[in-house]
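See structure below.
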Amino acid sequence: QVQLVESGGGLVQAGGSLRLSCAASATIFSINVMGWYRQAPGKQRELVATITTGGSTNYADSAKGRFTISRDNPRNTVHLQMNSLKPEDTAVYYCHYFSVQIGNCWGKGTLVTVSA
């Protein structure tokens with residue numbers, strides 16, 4: 001299993017920015033996908049953005065133009081820069097890792113609260 005530790009959540013006003021980070025604490029395979037999902041109260045977990053080791057990205061429509069995902073492969077970290085935050089972005093954000101060898105791994109989540 002890959003241990004994922006998120007950081008960077010917190011309280012921010014609408015229109016503000018936050019940067020989430022996720023560090024993988026074990027050796028990960030060279031071909032993998034890392035990303036961010038979120039779950040708001042009373043809702044299902046949903047995709048925010050993903051990035052492959054080669055740098056290919058995928059964003060939810062709600063994140064396009066506002067969020068940017070990036071990764072540092074030598075440091076096994078992935079980041080999510082969130083700008084122009086809205087109250088509807090309030091959720092617990094989970095780091096995710098997938099590789100064929102290991103399967104799916106999840107972090108414990110970090111809370112993002114956007115006040116109106």
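By order in the structure tokens, chains are A, B, ...; within a chain, residues start at 1; ligands start at 1, following the order shown.
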Inset, instruction - Determine, counting only C-alpha atoms, which protein, DNA and RNA residues have an atom within 9 Å of an atom of segment 54-59 of chain A; residues of the same chain fewer than 4 positions away are not included. Present the result as JSON, numbers by chain. - result: {"A": [31, 32, 47, 48, 49, 50, 63, 64, 67, 68, 69, 70, 71]}
Legend entry - Expected answer as a ChimeraX atom specification: strand (DSSP E or B) residues in chain A: /A:4-7,10-13,18-24,33-39,46-52,57-59,67-72,77-82,91-99,103-106,110-115
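Of the listed residues (A:Gln1, A:Gln44, A:Ser115, A:Ser21), A:Ser21 comes nearest to Arg75 of chain A; the distances count only C-alpha atoms.
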Legend entry - Selected residue of minimal separation from Val33 of chain A among A:Gln101, A:Gly65, A:Glu6, A:Val12, counting only C-alpha atoms: A:Gln101
Inset, instruction - Could you give me, as number ranges by chain, the residues within 12 Å of Thr77 of chain A, counting only C-alpha atoms and dropping anything in the same chain fewer than 5 positions from it? - result: A: 3-7, 20-28, 33-36, 51-53, 69-72, 95-97
Could you dump the residues just selected with C-alpha atoms as an mmCIF file, in the first residue's frame?
```cif
data_model
loop_
_atom_site.group_PDB
_atom_site.id
_atom_site.type_symbol
_atom_site.label_atom_id
_atom_site.label_comp_id
_atom_site.auth_asym_id
_atom_site.auth_seq_id
_atom_site.Cartn_x
_atom_site.Cartn_y
_atom_site.Cartn_z
ATOM 1 C CA GLN A 3 0.488 5.981 2.250
ATOM 2 C CA LEU A 4 -0.833 9.373 1.133
ATOM 3 C CA VAL A 5 -0.695 12.409 3.405
ATOM 4 C CA GLU A 6 -2.593 15.554 2.442
ATOM 5 C CA SER A 7 -1.966 19.081 3.658
ATOM 6 C CA LEU A 20 -3.269 21.405 -1.461
ATOM 7 C CA SER A 21 -0.343 19.022 -1.347
ATOM 8 C CA CYS A 22 -0.126 15.249 -1.111
ATOM 9 C CA ALA A 23 2.981 13.255 -0.329
ATOM 10 C CA ALA A 24 3.326 9.557 -1.001
ATOM 11 C CA SER A 25 5.358 8.017 1.791
ATOM 12 C CA ALA A 26 6.400 4.815 0.087
ATOM 13 C CA THR A 27 8.092 3.897 -3.110
ATOM 14 C CA ILE A 28 5.605 4.198 -5.915
ATOM 15 C CA VAL A 33 -2.012 8.259 -11.817
ATOM 16 C CA MET A 34 -2.397 10.622 -8.880
ATOM 17 C CA GLY A 35 -5.180 13.034 -8.299
ATOM 18 C CA TRP A 36 -7.727 14.742 -6.113
ATOM 19 C CA ILE A 51 -2.384 13.713 -13.491
ATOM 20 C CA THR A 52 -0.267 10.891 -14.867
ATOM 21 C CA THR A 53 3.454 10.456 -14.381
ATOM 22 C CA ILE A 69 -2.912 20.042 -10.740
ATOM 23 C CA SER A 70 0.822 19.399 -10.825
ATOM 24 C CA ARG A 71 3.257 16.787 -9.592
ATOM 25 C CA ASP A 72 6.878 16.374 -8.601
ATOM 26 C CA CYS A 95 -5.610 12.469 -2.518
ATOM 27 C CA HIS A 96 -5.745 9.399 -4.743
ATOM 28 C CA TYR A 97 -3.150 7.102 -6.254
#
```
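Going from atom CA of Leu18 of chain A to atom CA of Ser30 of chain A covers 28.1 Å.
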Legend entry - Option closest in space to Ala14 of chain A, from A:Val92, A:Val2, A:Leu80, A:Ala116 [counting only C-alpha atoms]: A:Ala116
Inset, instruction - With a distance cut-off of 7 Å and only C-alpha atoms, select the neighbouring residues of Ala91 of chain A, excluding the residue or stretch itself and same-chain residues fewer than 6 positions from it, and output the selection as a ChimeraX atom specification. - result: /A:38-41,111-113
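Nearest to Gly8 of chain A of all the residues A:Pro87, A:Val100, A:Lys108, A:Gln81 is A:Gln81, counting only C-alpha atoms.
The smallest atom-to-atom distance between Gly109 of chain A and any of A:Met82, A:Arg45, A:Leu11, A:Ser17, using only C-alpha atoms, is found for A:Arg45.
Closest approach to Gln13 of chain A among A:Thr110, A:Asn83, A:Ala60, A:Asn104 is made by A:Asn83 (distances from only C-alpha atoms).
Separating atom CA of Gly16 of chain A from atom CA of Val114 of chain A is a distance of 8.3 Å.
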